[in-house]
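The structure under discussion appears below in the form of structure tokens.
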Amino acid sequence: MHASAQYAGDGFVNTYPSSTQRVSENRPSLIDFVFRGEGRTPGRPLPALDPRSAWMQPVETGLRATWLGHSTVLLEMDGHRVLTDPVWGQRASPFSFFGPKRFQPVPVDIAQLPPLDAVLISHDHYDHLDYPSIRALAALQVPFITSLGVGMHLEAWGVPAERITELDWWEQTVLPGGLTITAAPSHHFSGRGLHDRNATLWSSFALRSERHSVFFSGDTGLSPVFTEIGQRLGPFDLVMIEVGAFHPSWGNVHLGPDNALEAWAQLGSGRLLPVHWGTFNLAMHPWAEPAEVLLAKAPEGLLMPRLGEPVEPAHGEEVQPWWRGVAPGHWQGSALEAAEFLALRTND
């Protein structure tokens with residue numbers, strides 16, 4: 001870790017400049033999180049499918065993706081199966097009794113997943129690295145691929161060290177059967193408490209199988225590195241980019257839909273599968289706003305499946321705005337929940 005070019009004495013740093021400036025004004029307050037923001041949660045469960053019967057069918061084009069909520073996607077690539085940022089827990093929080101609560105359960109349990117070749121974890125924030133999920137996956141004897149330092153959490157939670165591969169930016173590992181996974185830069189931060197700020201690295205990832213290539217952004221703000229990623233690791237058939245939980249005061253560490261479209265353009269290839277939305281109430285905007293912005297500005301090349309709906313990017317189905325059938329619900333959080341969440345956001 002200390003030998004990494006991203007390590008700067010007492011922690012990791014972003015070594016690529018941000019393309020957007022952080023807006024310090026109008027940062028959400030405790031009152032904002034408790035009382036303000038319309039439509040931040042859906043009024044009823046989102047439409048969801050049970051993907052197990054589809055998973056039993058061959059992947060006609062060789063590449064299939066199933067969005068299971070937030071940044072959790074099951075990728076099937078030329079016979080390989082990789083699970084990204086698995087979060088089955090009820091809350092994106094260090095506590096089981098308060099903190100951002102998921103809108104609804106994942107369409108399938110971890111025990112119902114098909115055999116996995118790898119679990120990919122971008123960074124250590126609670127909505128990407130989930131303790132109960134890791135404990136359950138550790139029992140499946142699956143390898144874990146992650147960013148530098150994140151393995152200390154995995155090993156403490158029961159994953160044997162020999163099944164953990166940590167990568168620095170631009171490093172790669174090759175799974176049995178030939179699937180190559182390369183860690184790439186992102187513009188973010190890390191930490192799970194008040195005293196471990198940037199103790200571990202954050203990454204995006206590129207996956208390349210025999211015939212296909214996929215990009216997964218993890219969490220990131222906009223930076224010129226997307227162009228470099230496209231040139232060095234592309235072209236891609238599918239790009240999975242974070243679009244939700246955004247705010248101007250977090251603009252250098254999260255994309256939101258407009259900057260996600262810019263990142264996609266800089267990558268230069270692939271159909272866009274938005275992630276990091278539709279699962280937790282993590283910001284002030286309406287829960288479906290990212291989907292509406294994307295559909296209005298870039299309907300071509302966009303994939304917007306329902307939860308648990310397997311899609312093959314090569315098929316090119318037209319987007320169906322399924323989220324419009326889910327009315328926004330009334331939300332008023334507790335001061336305790338908001339205080340806990342804001343404390344974790346203090347240094348964004």
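FYI, nothing fancy with the structure tokens labels: chains A, B, ... in order, residues from 1 per chain, ligands from 1 as they appear.
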Can you list, as a VMD selection string, every protein, DNA or RNA residue that comes within 8 Å of A:Leu207 when you count only C-alpha atoms, leaving out same-chain residues fewer than 3 positions away? chain A and resid 179 to 182 213 to 215
Long-range neighbours of A:Phe226 as a list in words, 9 Å cut-off, only C-alpha atoms, 5 positions minimum in chain: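 What passes the distance filter is Pro185, Ser186, Gln231, Ala263, Trp264, Ala265, Gln266, Leu267 and Gly268 of chain A.
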Give me the residues of stretch 234-283 of chain A that have any atom at most 12 Å from an atom of stretch 115-137 of chain A; for each, the nearest atom pair and the distance in Å, rounded to one decimal. Use only C-alpha atoms, sort by chain and number, and format it as JSON lines.
{"residue": "A:Glu242", "atom": "CA", "partner": "A:His128", "partner_atom": "CA", "distance": 11.8}
{"residue": "A:Ala245", "atom": "CA", "partner": "A:Asp127", "partner_atom": "CA", "distance": 11.0}
{"residue": "A:Val275", "atom": "CA", "partner": "A:His128", "partner_atom": "CA", "distance": 11.6}
{"residue": "A:His276", "atom": "CA", "partner": "A:Asp127", "partner_atom": "CA", "distance": 8.9}
{"residue": "A:Trp277", "atom": "CA", "partner": "A:Asp127", "partner_atom": "CA", "distance": 10.9}
{"residue": "A:Thr279", "atom": "CA", "partner": "A:Asp127", "partner_atom": "CA", "distance": 9.8}
{"residue": "A:Phe280", "atom": "CA", "partner": "A:Asp127", "partner_atom": "CA", "distance": 8.6}
{"residue": "A:Asn281", "atom": "CA", "partner": "A:Asp127", "partner_atom": "CA", "distance": 11.0}
{"residue": "A:Leu282", "atom": "CA", "partner": "A:Asp127", "partner_atom": "CA", "distance": 9.6}
Alpha helix (DSSP H) per DSSP on the backbone: members of stretch 69-291 of chain A, as a PyMOL selection string: chain A and resi 131-138+151-156+225-233+256-267+289-291
If you count only C-alpha atoms, the residue of A:Val239, A:Met152, A:Leu272, A:Val82 closest to A:Val319 turns out to be A:Leu272
Separating atom CA of A:His212 from atom CA of A:Asp237, to the nearest tenth of an Å, is a gap of 6.3 Å
Which residues in stretch 168-287 of chain A does DSSP call strand (DSSP E or B)? List them as a list in words. Gln172, Thr173, Val174, Thr180, Ile181, Thr182, Ala183, Ala184, Ser204, Phe205, Ala206, Leu207, Arg208, Ser213, Val214, Phe215, Phe216, Leu238, Val239, Met240, Ile241, Glu242, Arg271, Leu272, Leu273, Pro274 and Val275 of chain A
Smallest atom-to-atom distance to A:Gly177: which of A:Met77, A:Ala288, A:Leu295, A:Leu261, using only C-alpha atoms?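 Closest candidate: A:Met77.
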Which of A:Ser53, A:Gln320, A:Thr220, A:Asn14 sits closest to A:Pro114 [using only C-alpha atoms]: A:Ser53
